[in-house]
Structures are given as C-alpha cells and as structure tokens.
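target_39.tsv, holding TSV, C-alpha atoms:
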chain	number	residue	atom	x	y	z
A	201	MET	CA	-4.33	-46.82	5.51
A	202	ASP	CA	-2.68	-45.23	8.52
A	203	PHE	CA	-1.14	-41.83	8.03
A	204	THR	CA	1.97	-40.75	9.85
A	205	GLU	CA	1.76	-37.54	11.86
A	206	GLU	CA	3.87	-35.83	9.25
A	207	GLN	CA	1.42	-36.91	6.51
A	208	ILE	CA	-1.62	-35.73	8.48
A	209	GLU	CA	-0.08	-32.30	8.79
A	210	ARG	CA	1.36	-32.12	5.28
A	211	TYR	CA	-1.92	-33.12	3.65
A	212	SER	CA	-4.27	-31.52	6.19
A	213	ARG	CA	-5.81	-29.12	3.64
A	214	HIS	CA	-6.74	-32.10	1.48
A	215	ILE	CA	-7.87	-34.26	4.37
A	216	ILE	CA	-10.33	-31.60	5.62
A	217	LEU	CA	-11.72	-31.12	2.11
A	218	PRO	CA	-15.06	-32.96	1.86
A	219	ASP	CA	-14.46	-34.43	-1.61
A	220	VAL	CA	-10.95	-35.61	-0.76
A	221	GLY	CA	-10.74	-36.54	2.91
A	222	GLY	CA	-8.50	-39.19	4.36
A	223	LYS	CA	-9.84	-41.69	1.86
A	224	GLY	CA	-8.97	-39.50	-1.12
A	225	GLN	CA	-5.55	-38.66	0.26
A	226	ALA	CA	-4.88	-42.37	0.69
A	227	LYS	CA	-5.79	-42.85	-3.00
A	228	LEU	CA	-3.33	-40.12	-3.97
A	229	LEU	CA	-0.58	-41.71	-1.90
A	230	LYS	CA	-1.14	-45.01	-3.68
A	231	SER	CA	-1.40	-43.50	-7.17
A	232	ARG	CA	1.21	-43.66	-9.91
A	233	VAL	CA	1.50	-40.98	-12.60
A	234	PHE	CA	3.83	-40.96	-15.59
A	235	VAL	CA	4.79	-37.50	-16.86
A	236	LEU	CA	6.10	-37.21	-20.38
A	237	GLY	CA	8.45	-34.25	-20.47
A	238	ALA	CA	9.95	-32.20	-17.65
A	239	GLY	CA	9.48	-29.01	-19.65
A	240	GLY	CA	6.96	-26.18	-19.75
A	241	LEU	CA	3.92	-28.33	-19.02
A	242	GLY	CA	5.64	-31.07	-17.06
A	243	SER	CA	7.28	-28.62	-14.61
A	244	PRO	CA	4.15	-27.23	-12.96
A	245	ALA	CA	2.30	-30.53	-13.32
A	246	LEU	CA	5.11	-32.43	-11.58
A	247	LEU	CA	5.32	-29.93	-8.74
A	248	TYR	CA	1.59	-30.04	-7.99
A	249	LEU	CA	1.38	-33.81	-8.31
A	250	ALA	CA	4.30	-34.15	-5.91
A	251	ALA	CA	2.82	-31.60	-3.50
A	252	ALA	CA	-0.48	-33.50	-3.60
A	253	GLY	CA	1.30	-36.65	-2.47
A	254	VAL	CA	1.03	-38.76	-5.61
A	255	GLY	CA	2.88	-41.86	-4.45
A	256	ALA	CA	4.99	-42.62	-7.48
A	257	ILE	CA	5.91	-40.29	-10.30
A	258	GLY	CA	7.74	-41.30	-13.45
A	259	VAL	CA	9.37	-38.48	-15.36
A	260	CYS	CA	10.75	-38.86	-18.85
A	261	ASP	CA	12.96	-36.40	-20.66
A	262	GLY	CA	16.13	-36.83	-22.68
A	263	ASP	CA	17.33	-33.23	-22.45
A	264	LEU	CA	19.67	-31.14	-20.36
A	265	VAL	CA	18.43	-28.00	-18.61
A	266	ASP	CA	19.16	-25.00	-20.84
A	267	LEU	CA	19.14	-21.37	-19.78
A	268	SER	CA	16.40	-20.65	-22.32
A	269	ASN	CA	14.16	-23.22	-20.59
A	270	LEU	CA	13.96	-21.27	-17.35
A	271	GLN	CA	11.49	-18.70	-18.73
A	272	ARG	CA	8.77	-21.35	-18.20
A	273	GLN	CA	10.20	-24.64	-16.93
A	274	ILE	CA	9.87	-23.73	-13.28
A	275	ILE	CA	10.88	-27.06	-11.77
A	276	HIS	CA	14.48	-26.31	-12.80
A	277	ASN	CA	16.70	-23.54	-11.55
A	278	THR	CA	19.75	-21.62	-12.76
A	279	GLY	CA	22.21	-23.82	-10.91
A	280	MET	CA	20.88	-26.85	-12.81
A	281	VAL	CA	21.76	-25.56	-16.29
A	282	GLY	CA	23.58	-28.38	-18.07
A	283	THR	CA	22.12	-31.12	-15.82
A	284	PRO	CA	19.74	-33.76	-17.21
A	285	LYS	CA	16.18	-32.48	-16.77
A	286	THR	CA	15.02	-35.71	-15.19
A	287	LEU	CA	17.65	-35.42	-12.45
A	288	SER	CA	16.92	-31.75	-11.88
A	289	ALA	CA	13.18	-32.54	-11.66
A	290	LYS	CA	13.78	-35.51	-9.36
A	291	LYS	CA	15.82	-33.34	-7.00
A	292	ALA	CA	13.17	-30.59	-6.95
A	293	ILE	CA	10.40	-33.11	-6.27
A	294	GLU	CA	12.32	-34.81	-3.48
A	295	GLU	CA	13.01	-31.45	-1.86
A	296	LEU	CA	9.34	-30.54	-2.06
A	297	ASN	CA	8.03	-33.90	-0.88
A	298	PRO	CA	10.44	-36.67	0.14
A	299	GLY	CA	7.49	-39.06	0.38
A	300	VAL	CA	7.17	-39.27	-3.40
A	301	LYS	CA	9.00	-42.06	-5.18
A	302	VAL	CA	10.43	-40.58	-8.37
A	303	THR	CA	11.68	-42.67	-11.26
A	304	ALA	CA	13.70	-40.77	-13.85
A	305	TYR	CA	13.70	-41.97	-17.46
A	306	ASN	CA	16.54	-40.07	-19.05
A	307	GLU	CA	15.83	-41.34	-22.52
A	308	ARG	CA	13.64	-40.82	-25.51
A	309	LEU	CA	10.55	-42.97	-25.51
A	310	ASN	CA	9.92	-44.87	-28.69
A	311	ALA	CA	7.63	-47.53	-30.09
A	312	GLY	CA	9.90	-50.17	-28.60
A	313	ASN	CA	9.83	-49.08	-24.96
A	314	ILE	CA	6.87	-46.80	-24.23
A	315	ARG	CA	4.25	-49.48	-23.56
A	316	GLU	CA	6.38	-51.27	-21.04
A	317	VAL	CA	7.24	-48.01	-19.29
A	318	ILE	CA	3.67	-46.71	-18.92
A	319	ARG	CA	2.30	-50.13	-17.94
A	320	GLY	CA	3.47	-49.52	-14.37
A	321	TYR	CA	1.44	-46.30	-14.00
A	322	ASP	CA	-2.25	-45.41	-13.60
A	323	ILE	CA	-2.25	-42.19	-15.57
A	324	VAL	CA	-0.10	-40.70	-18.34
A	325	LEU	CA	0.30	-36.93	-18.42
A	326	ASP	CA	1.50	-35.69	-21.80
A	327	GLY	CA	3.63	-32.56	-21.72
A	328	SER	CA	5.53	-33.35	-24.91
A	329	ASP	CA	6.38	-30.73	-27.47
A	330	ASN	CA	6.18	-32.55	-30.76
A	331	PHE	CA	3.62	-34.48	-32.78
A	332	PRO	CA	5.46	-37.81	-33.08
A	333	THR	CA	5.64	-38.10	-29.28
A	334	ARG	CA	2.05	-36.90	-28.89
A	335	PHE	CA	0.73	-39.60	-31.23
A	336	LEU	CA	3.00	-42.22	-29.66
A	337	ALA	CA	1.69	-41.34	-26.17
A	338	ASN	CA	-1.90	-41.46	-27.41
A	339	ASP	CA	-1.55	-44.82	-29.12
A	340	ALA	CA	0.45	-46.43	-26.31
A	341	SER	CA	-2.06	-45.18	-23.72
A	342	PHE	CA	-4.88	-46.67	-25.79
A	343	PHE	CA	-3.18	-50.06	-26.09
A	344	GLU	CA	-2.33	-50.10	-22.37
A	345	LYS	CA	-5.79	-48.76	-21.39
A	346	LYS	CA	-4.29	-45.82	-19.52
A	347	THR	CA	-6.04	-42.50	-19.04
A	348	LEU	CA	-4.12	-39.80	-20.91
A	349	VAL	CA	-4.19	-36.23	-19.63
A	350	SER	CA	-3.13	-34.18	-22.60
A	351	GLY	CA	-1.92	-30.59	-22.72
A	352	SER	CA	-0.43	-28.54	-25.52
A	353	MET	CA	0.36	-24.95	-26.34
A	354	PHE	CA	0.84	-22.52	-29.16
A	355	ARG	CA	2.13	-19.02	-28.37
A	356	PHE	CA	-0.65	-17.64	-26.11
A	357	GLU	CA	-3.13	-20.51	-26.45
A	358	GLY	CA	-3.41	-23.91	-24.85
A	359	GLN	CA	-5.49	-27.06	-25.16
A	360	VAL	CA	-6.29	-29.56	-22.42
A	361	SER	CA	-8.23	-32.80	-22.64
A	362	VAL	CA	-8.51	-36.21	-21.02
A	363	PHE	CA	-8.48	-39.17	-23.39
A	364	LYS	CA	-10.12	-42.38	-22.23
A	365	PRO	CA	-10.96	-44.39	-25.35
A	366	HIS	CA	-11.05	-47.56	-23.21
A	367	GLN	CA	-14.08	-46.06	-21.43
A	368	ASN	CA	-15.85	-45.09	-24.64
A	369	TYR	CA	-14.56	-41.52	-24.73
A	370	PRO	CA	-12.59	-40.12	-27.68
A	371	CYS	CA	-8.82	-40.43	-28.14
A	372	TYR	CA	-6.49	-37.82	-29.64
A	373	ARG	CA	-6.87	-39.43	-33.08
A	374	CYS	CA	-10.65	-38.93	-32.93
A	375	LEU	CA	-9.78	-35.21	-33.12
A	376	TYR	CA	-6.66	-35.38	-35.24
A	377	PRO	CA	-6.29	-38.63	-37.20
A	378	GLU	CA	-2.69	-37.92	-38.31
A	379	PRO	CA	0.09	-35.46	-37.51
A	380	PRO	CA	-0.24	-32.28	-39.58
A	381	PRO	CA	1.77	-32.00	-42.81
A	382	LYS	CA	5.07	-30.19	-42.61
A	383	GLY	CA	3.81	-26.79	-43.76
A	384	LEU	CA	1.13	-26.69	-41.11
A	385	ALA	CA	3.09	-27.68	-38.06
A	386	PRO	CA	4.46	-24.57	-36.42
A	387	SER	CA	8.03	-23.97	-37.47
A	388	CYS	CA	10.72	-23.63	-34.84
A	389	GLN	CA	10.81	-19.84	-35.18
A	390	GLU	CA	7.07	-19.64	-34.72
A	391	ALA	CA	6.97	-21.88	-31.71
A	392	GLY	CA	7.60	-19.32	-28.99
A	393	VAL	CA	5.33	-19.53	-26.02
A	394	LEU	CA	4.27	-17.31	-23.13
A	395	GLY	CA	6.00	-18.75	-20.08
A	396	ALA	CA	3.12	-18.32	-17.67
A	397	LEU	CA	0.76	-20.02	-20.17
A	398	ALA	CA	2.71	-23.23	-19.54
A	399	GLY	CA	1.81	-22.79	-15.89
A	400	VAL	CA	-1.90	-22.44	-16.64
A	401	ILE	CA	-2.04	-25.49	-18.91
A	402	GLY	CA	0.32	-27.71	-16.88
A	403	VAL	CA	-1.57	-26.97	-13.68
A	404	LEU	CA	-4.89	-27.74	-15.39
A	405	GLN	CA	-3.40	-31.09	-16.37
A	406	ALA	CA	-2.40	-31.72	-12.75
A	407	VAL	CA	-5.94	-30.83	-11.64
A	408	GLU	CA	-7.42	-33.29	-14.13
A	409	ALA	CA	-4.97	-36.05	-13.16
A	410	ILE	CA	-5.79	-35.56	-9.46
A	411	LYS	CA	-9.56	-35.61	-10.18
A	412	GLU	CA	-9.10	-38.83	-12.15
A	413	ILE	CA	-7.26	-40.42	-9.22
A	414	LEU	CA	-9.90	-39.26	-6.74
A	415	ASN	CA	-12.75	-39.96	-9.14
A	416	ILE	CA	-14.46	-36.67	-8.32
A	417	GLY	CA	-16.22	-33.96	-10.31
A	418	GLU	CA	-16.57	-33.78	-14.06
A	419	GLY	CA	-13.41	-34.36	-16.01
A	420	LEU	CA	-12.46	-33.24	-19.49
A	421	SER	CA	-13.16	-36.66	-21.05
A	422	GLY	CA	-15.22	-35.87	-24.12
A	423	TYR	CA	-14.21	-32.20	-24.06
A	424	LEU	CA	-11.38	-30.11	-25.42
A	425	LEU	CA	-10.70	-27.10	-23.24
A	426	VAL	CA	-9.08	-24.23	-25.11
A	427	PHE	CA	-7.52	-21.29	-23.30
A	428	ASP	CA	-6.60	-17.99	-24.91
A	429	ALA	CA	-4.36	-15.97	-22.60
A	430	LEU	CA	-4.65	-12.77	-24.67
A	431	LYS	CA	-8.45	-12.79	-24.55
A	432	MET	CA	-8.38	-14.42	-21.11
A	433	SER	CA	-11.09	-16.77	-22.30
A	434	PHE	CA	-11.78	-20.45	-21.96
A	435	LYS	CA	-13.80	-22.43	-24.48
A	436	LYS	CA	-14.97	-25.95	-23.77
A	437	LEU	CA	-15.72	-27.83	-26.98
A	438	LYS	CA	-17.62	-31.08	-26.83
A	439	ILE	CA	-15.71	-33.76	-28.72
A	440	ARG	CA	-16.94	-37.17	-29.81
A	441	LYS	CA	-15.55	-40.62	-30.24
A	442	ASP	CA	-15.13	-41.24	-33.97
A	443	PRO	CA	-16.51	-44.65	-34.95
A	444	GLY	CA	-14.14	-44.46	-37.93
A	445	CYS	CA	-11.06	-43.71	-35.79
A	446	ALA	CA	-8.11	-45.73	-37.10
A	447	LEU	CA	-7.04	-46.46	-33.52
A	448	CYS	CA	-10.08	-46.72	-31.25
A	449	GLY	CA	-12.90	-46.96	-33.82
A	450	GLU	CA	-15.00	-49.92	-34.87
A	451	ASN	CA	-12.62	-51.23	-37.54
A	452	PRO	CA	-9.21	-50.05	-36.44
A	453	SER	CA	-6.37	-50.14	-38.96
A	454	ILE	CA	-3.69	-49.22	-36.40
A	455	LYS	CA	-2.87	-52.43	-34.57
A	456	GLU	CA	0.56	-51.50	-33.29
A	457	LEU	CA	2.58	-48.39	-32.49
A	458	VAL	CA	3.45	-46.10	-35.40
A	459	THR	CA	6.65	-44.04	-35.55
A	460	TYR	CA	6.34	-40.61	-37.15
A	461	GLU	CA	9.24	-38.42	-38.14
A	462	GLU	CA	9.72	-35.09	-36.46
A	463	VAL	CA	9.37	-32.28	-38.97
A	464	CYS	CA	11.14	-29.68	-36.89
A	465	GLU	CA	14.76	-30.56	-36.31
A	466	ALA	CA	15.12	-28.35	-33.27
A	467	THR	CA	12.57	-30.39	-31.36
A	468	ALA	CA	13.40	-33.84	-32.70
A	469	GLY	CA	14.35	-36.19	-29.94
A	470	LYS	CA	12.93	-34.08	-27.19
A	471	CYS	CA	9.87	-34.92	-25.23
A	472	GLU	CA	9.04	-31.79	-23.37
A	473	SER	CA	7.74	-28.35	-24.11
B	104	MET	CA	-24.55	-14.88	-41.27
B	105	ILE	CA	-22.30	-17.23	-39.33
B	106	ARG	CA	-19.34	-16.50	-37.13
B	107	VAL	CA	-16.05	-18.36	-37.70
B	108	LEU	CA	-13.30	-18.60	-35.08
B	109	PHE	CA	-9.70	-19.52	-35.89
B	110	PHE	CA	-7.27	-20.83	-33.29
B	111	GLY	CA	-3.55	-21.43	-32.94
B	112	MET	CA	-1.55	-21.68	-36.13
B	113	LEU	CA	-4.67	-20.93	-38.18
B	114	ALA	CA	-5.17	-17.53	-36.61
B	115	THR	CA	-1.54	-16.82	-37.51
B	116	LYS	CA	-1.95	-18.08	-41.08
B	117	THR	CA	-5.21	-16.23	-41.74
B	118	GLY	CA	-4.21	-13.13	-39.81
B	119	VAL	CA	-7.60	-13.05	-38.08
B	120	ARG	CA	-9.07	-14.77	-35.05
B	121	GLU	CA	-12.62	-14.24	-36.17
B	122	THR	CA	-14.54	-13.70	-39.39
B	123	HIS	CA	-18.13	-13.69	-40.60
B	124	LEU	CA	-19.69	-15.40	-43.61
B	125	GLU	CA	-23.06	-15.28	-45.36
B	126	LEU	CA	-24.43	-18.75	-46.06
B	127	LYS	CA	-24.83	-18.91	-49.82
B	128	ARG	CA	-27.84	-21.19	-49.91
B	129	PRO	CA	-30.23	-22.94	-47.55
B	130	GLY	CA	-28.80	-26.30	-46.60
B	131	ALA	CA	-25.19	-25.09	-46.84
B	132	THR	CA	-22.89	-27.44	-44.93
B	133	LEU	CA	-19.77	-27.08	-42.85
B	134	SER	CA	-17.89	-28.53	-45.79
B	135	ASP	CA	-19.17	-25.71	-48.06
B	136	VAL	CA	-18.09	-23.13	-45.51
B	137	MET	CA	-14.64	-24.73	-45.19
B	138	GLU	CA	-14.29	-24.62	-48.97
B	139	GLU	CA	-15.10	-20.93	-49.00
B	140	LEU	CA	-12.76	-20.22	-46.10
B	141	GLY	CA	-10.09	-22.24	-47.87
B	142	LYS	CA	-10.37	-19.98	-50.93
B	143	ARG	CA	-10.60	-16.76	-48.98
B	144	PHE	CA	-7.59	-17.48	-46.79
B	145	ALA	CA	-5.63	-19.82	-49.10
B	146	LEU	CA	-5.82	-22.71	-46.64
B	147	PRO	CA	-4.58	-26.12	-47.72
B	148	PRO	CA	-7.54	-28.36	-48.58
B	149	LYS	CA	-6.81	-31.50	-46.60
B	150	ALA	CA	-5.48	-30.09	-43.38
B	151	PRO	CA	-6.32	-31.78	-40.13
B	152	TYR	CA	-8.54	-29.27	-38.38
B	153	MET	CA	-11.01	-30.20	-35.73
B	154	LEU	CA	-14.31	-28.53	-36.59
B	155	ALA	CA	-16.95	-27.55	-34.09
B	156	VAL	CA	-20.36	-25.95	-34.52
B	157	ASN	CA	-21.78	-24.15	-31.50
B	158	GLU	CA	-19.04	-25.62	-29.31
B	159	ALA	CA	-19.56	-29.26	-30.31
B	160	GLN	CA	-17.35	-31.23	-32.69
B	161	ALA	CA	-19.17	-31.57	-36.01
B	162	ASP	CA	-18.83	-33.55	-39.23
B	163	PRO	CA	-18.27	-31.68	-42.51
B	164	SER	CA	-21.78	-32.73	-43.61
B	165	THR	CA	-23.40	-30.71	-40.80
B	166	VAL	CA	-25.99	-28.27	-42.18
B	167	LEU	CA	-25.47	-24.74	-40.90
B	168	LYS	CA	-27.98	-22.03	-40.14
B	169	ASP	CA	-27.75	-18.31	-39.53
B	170	GLY	CA	-26.28	-17.46	-36.15
B	171	ASP	CA	-24.13	-20.60	-35.91
B	172	GLU	CA	-20.61	-20.33	-34.57
B	173	VAL	CA	-17.96	-22.44	-36.29
B	174	ALA	CA	-14.63	-23.14	-34.57
B	175	VAL	CA	-11.69	-24.28	-36.68
B	176	MET	CA	-9.13	-25.84	-34.35
B	177	PRO	CA	-5.71	-27.06	-35.47
B	178	PRO	CA	-3.68	-29.31	-33.19
B	179	PHE	CA	-1.08	-27.61	-30.97
B	180	SER	CA	2.23	-29.38	-30.73
B	181	GLY	CA	3.50	-28.05	-27.46
B	182	GLY	CA	5.97	-25.24	-27.29
B	183	LEU	CA	9.64	-24.90	-28.03
B	184	GLY	CA	11.70	-27.25	-25.89
Would you put the structure from the file into structure tokens?
Amino acid sequence: MDFTEEQIERYSRHIILPDVGGKGQAKLLKSRVFVLGAGGLGSPALLYLAAAGVGAIGVCDGDLVDLSNLQRQIIHNTGMVGTPKTLSAKKAIEELNPGVKVTAYNERLNAGNIREVIRGYDIVLDGSDNFPTRFLANDASFFEKKTLVSGSMFRFEGQVSVFKPHQNYPCYRCLYPEPPPKGLAPSCQEAGVLGALAGVIGVLQAVEAIKEILNIGEGLSGYLLVFDALKMSFKKLKIRKDPGCALCGENPSIKELVTYEEVCEATAGKCES
Amino acid sequence: MIRVLFFGMLATKTGVRETHLELKRPGATLSDVMEELGKRFALPPKAPYMLAVNEAQADPSTVLKDGDEVAVMPPFSGGLG
C-alpha cells in the first residue's frame, strides 16, 4: 500500500523498526480490533492501538464517565464526566489519530448480539470487569474463531493471556471452566484496584494485540502472565488446552452462548474495569 | 518440603501469599496438597482455581516431590467499574 506523507512521518518509528517496517505498518492500518470496555484496561489499550495506527477500532461500553473512573481510566478526562464512555473514548482516539475509524457500541453485549458484532473484527481485546462478560467474550470469540487478548486485575495483581482455541491453544475455560461461586468472586468493596496497574495490564494487552496483527515474536498463547505490582514480579505460567473443556475440548457440551448472572450488583451491566 | 503460592482473592482469603508444606508420603499428589491447604485455610472444596506446578498448569493427579513450587491461581474479574 502507498503511505501518505503524513503517515510516513506519523509511523516513522514503526517503519524503521526491522520487525515492523512498511509492511507491518500496512498490516496495522488494515487491522480491525474490538475492545470490550473503555475502562481501566480498555483506556490504555485503546490509546496505544490508536497511536499504532490500527485501522478500525470498535469500542463497547454501556456506561457514563464517572469521576471515580478517572483514577485509572486515562482515555477520559474531567470534562467528560457524565458523557457516555464510548463517545468520550471515540473523541480521545480521533484527537490522537484521525486516521483511525472508531465505531462506538454504547450498549451491553449479550448472547444475542456479541457474535455479530465481533465478526467484523480480527482481534477481540477483553477489558471487561465481570465474569459473565468475560465468559461471553471467550465463548463468542471461540465460535467466531477470533483471537482473544484477555486482561484482568485484582487489587495489585493482573493476568494477561492470549486465547486461540481455534489454533489448538487453550481458551479461558481451559483454565476456569465456570465463573466462580458467589462467595469467591471479589465483592464490590474488595474490588479496588491500583490505577497504574490498569496501565501495565492494558498496555500489555495492546502489545499482544499488535504482535498478533504483525505476527511477530512469541505471544502469550499457551501462557498466563501474572503481574504482582507490590512485589514487582512477573510470572509466566504455561497453560494447556484441556481435552475435556466444555467449549473447545474433544466432546464439547457448550454448543451456543451461555448467559451467566452477575453476582455483584454494582458491576452488573457494565463491561469495563 | 514444597512451596505454595497464593494469588489474587486467595492471598486475601488465606492472609498469606506464600506457605510451605511437608509432603506426608511419597507419591503425594497435588490433590492431596489441595486437600491439606483446604483444611488449613478453610478453603471451599470445589473452587475453580488454576493449579500449576513449577510454573506449568497441572492436573490434581500430578505427583509432587520435594522442592516443587505449587501456584494456586483464582480467576481475576477485572476491577471496579
């Protein structure tokens, strides 16, 4: 593809990078990434994907920007409090890089619409903040054969992985077959999170999504990366595809999308963290 | 002696991030160790933890040996919206 002069300058630090080059940048410009949640994880991920020149970004969130979000959800700003997060995110992305086509989904994804929505994208980046959405994203990505870049947090810790069950790697259910019972999911009061941790995990997700698009390096497929901000330590656990997985195993019992109930009322209906 | 690491919600529930256990008999499995940890820390029996031995996901039937490191990893949901 031919770059404009503006593109050559904007993406020059990618274009001169041996593993990216003009060819890689062209791949980025043609790529399509769907980001679930314009919250703690989605904010930094969206900004870096947009800066990298990902051609089309879908962003889904049903919430309004709240003052308490701004401790970590850095795509939004104080003037946007009360505005739908998708619109706030779209504006920030367009200011950063007008070349990105942003589609805002100001709604809650459910079993009835998620497959159709993600079908138009190459990669799904999960920055949701609740188990029902996390399982829905996993299952829909499996059925649509989309690579899922997953990130999640708890207080000072974060997990990142890339799920590609369609390429013989594990899915989220190979690790966690079902959402945890009520008593074991963190309660709303316990669910505080270090703001900057969201930056670490969300940016790692953006890195993995960009590597997937460029097809370079070694991704986190088959690994669960765990970060502990207090210890400042990373652990990379090898994970395996479960032949007995109810979704992607040899005799799957899950043949269509399942709807789980949110156990924490404060996060029900939201799809960001 | 084996080393056990707890993450996320489990570190909160148990109050520790790390503990050590003596294997009670040769051939002791991950499942045996989980049972003992369950008693010691009052953990619910059928909770969905991902288990890893020496940084690789492992089945409960995995036989452990002295010096092994067990990681008990609950799922993280996200963060507060």
* Quick one: everything within 6 Å of stretch 227-244 of chain A, counting only C-alpha atoms, minus sequence neighbours fewer than 5 positions away in the same chain. Send it as a ChimeraX atom specification. => /A:253-261,272-275,321-328,398-399,402-403,471-473
Could I get the residues of chain B with an atom no further than 10 Å from an atom of chain A, each paired with its nearest atom pair and that distance in Å to one decimal, using all atoms listed in the file, sorted by chain and residue number, as a tab-separated table?
residue	atom	partner	partner_atom	distance
B:Phe110	CA	A:Glu357	CA	8.0
B:Gly111	CA	A:Phe354	CA	5.9
B:Met112	CA	A:Pro386	CA	6.7
B:Leu113	CA	A:Leu384	CA	8.7
B:Thr115	CA	A:Glu390	CA	9.5
B:Lys116	CA	A:Leu384	CA	9.1
B:Leu146	CA	A:Leu384	CA	9.7
B:Pro147	CA	A:Leu384	CA	8.8
B:Lys149	CA	A:Pro381	CA	9.4
B:Ala150	CA	A:Pro380	CA	6.8
B:Pro151	CA	A:Tyr376	CA	6.1
B:Tyr152	CA	A:Tyr376	CA	7.1
B:Met153	CA	A:Leu375	CA	5.8
B:Leu154	CA	A:Leu375	CA	8.8
B:Ala155	CA	A:Leu437	CA	7.2
B:Val156	CA	A:Leu437	CA	9.1
B:Asn157	CA	A:Leu437	CA	8.4
B:Glu158	CA	A:Leu437	CA	4.6
B:Ala159	CA	A:Lys438	CA	4.4
B:Gln160	CA	A:Ile439	CA	5.0
B:Ala161	CA	A:Ile439	CA	8.4
B:Ala174	CA	A:Leu437	CA	9.0
B:Met176	CA	A:Val426	CA	9.4
B:Pro177	CA	A:Tyr376	CA	8.4
B:Pro178	CA	A:Tyr376	CA	7.1
B:Phe179	CA	A:Met353	CA	5.5
B:Ser180	CA	A:Asn330	CA	5.1
B:Gly181	CA	A:Asp329	CA	3.9
B:Gly182	CA	A:Ser473	CA	4.8
B:Leu183	CA	A:Ala391	CA	5.5
B:Gly184	CA	A:Ser473	CA	4.5
* Can you tell me, as a list of chain:residue names, which residues sit within 7 Å of (-11.4, -40.3, -4.4) in the file's frame, using all atoms listed in the file? -> A:Val220, A:Lys223, A:Gly224, A:Lys227, A:Ile413, A:Leu414, A:Asn415, A:Ile416
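For the residues A:Ser361, A:Gln405, A:Ser421, A:Ser341, ranking by smallest atom-to-atom distance to A:Leu447 using all atoms listed in the file places A:Ser341 first.
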* Asked: Contacts of B:Ala114 at 10 Å or less, counting all atoms listed in the file, minus same-chain residues fewer than 5 places along, as an MDAnalysis selection string?
  -> chainID B and resid 108:109 119:121 175:177
* Residues near B:Leu126, cut-off 8 Å, only C-alpha atoms, skip fewer than 4 positions along chain, as a PyMOL selection string -> chain B and resi 104-105+131+136+167-169
* Quick one: residues within 12 Å of (-8.4, -34.9, 2.1) (file frame), counting all atoms listed in the file, please, as a PyMOL selection string. => chain A and resi 203+207-229+252-253+410+414
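Going from atom CA of A:Glu412 to atom CA of A:Phe342 covers 16.3 Å.
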* Structure fact -> Expressed in Å, the length from atom CA of A:Leu309 to atom CA of A:Pro443 is 28.7 Å
* To do: Rounded to one decimal place, report the atom CA of A:Ala304-atom CA of A:Leu336 distance in Å.
  =>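 So the answer is 19.1 Å.
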Enclose stretch 239-250 of chain A, meaning all of its atoms listed in the file, in a box aligned along x, y and z, pad it by 3 Å on each side, and list the centre and edge lengths in Å to one decimal, as AutoDock Vina command-line options.
--center_x 5.4 --center_y -30.2 --center_z -12.8 --size_x 14.1 --size_y 14.0 --size_z 19.8
* Structure fact -> If you count all atoms listed in the file, the residue of B:Thr117, B:Asp171, B:Arg128, B:Arg106 closest to B:Gly141 turns out to be B:Thr117
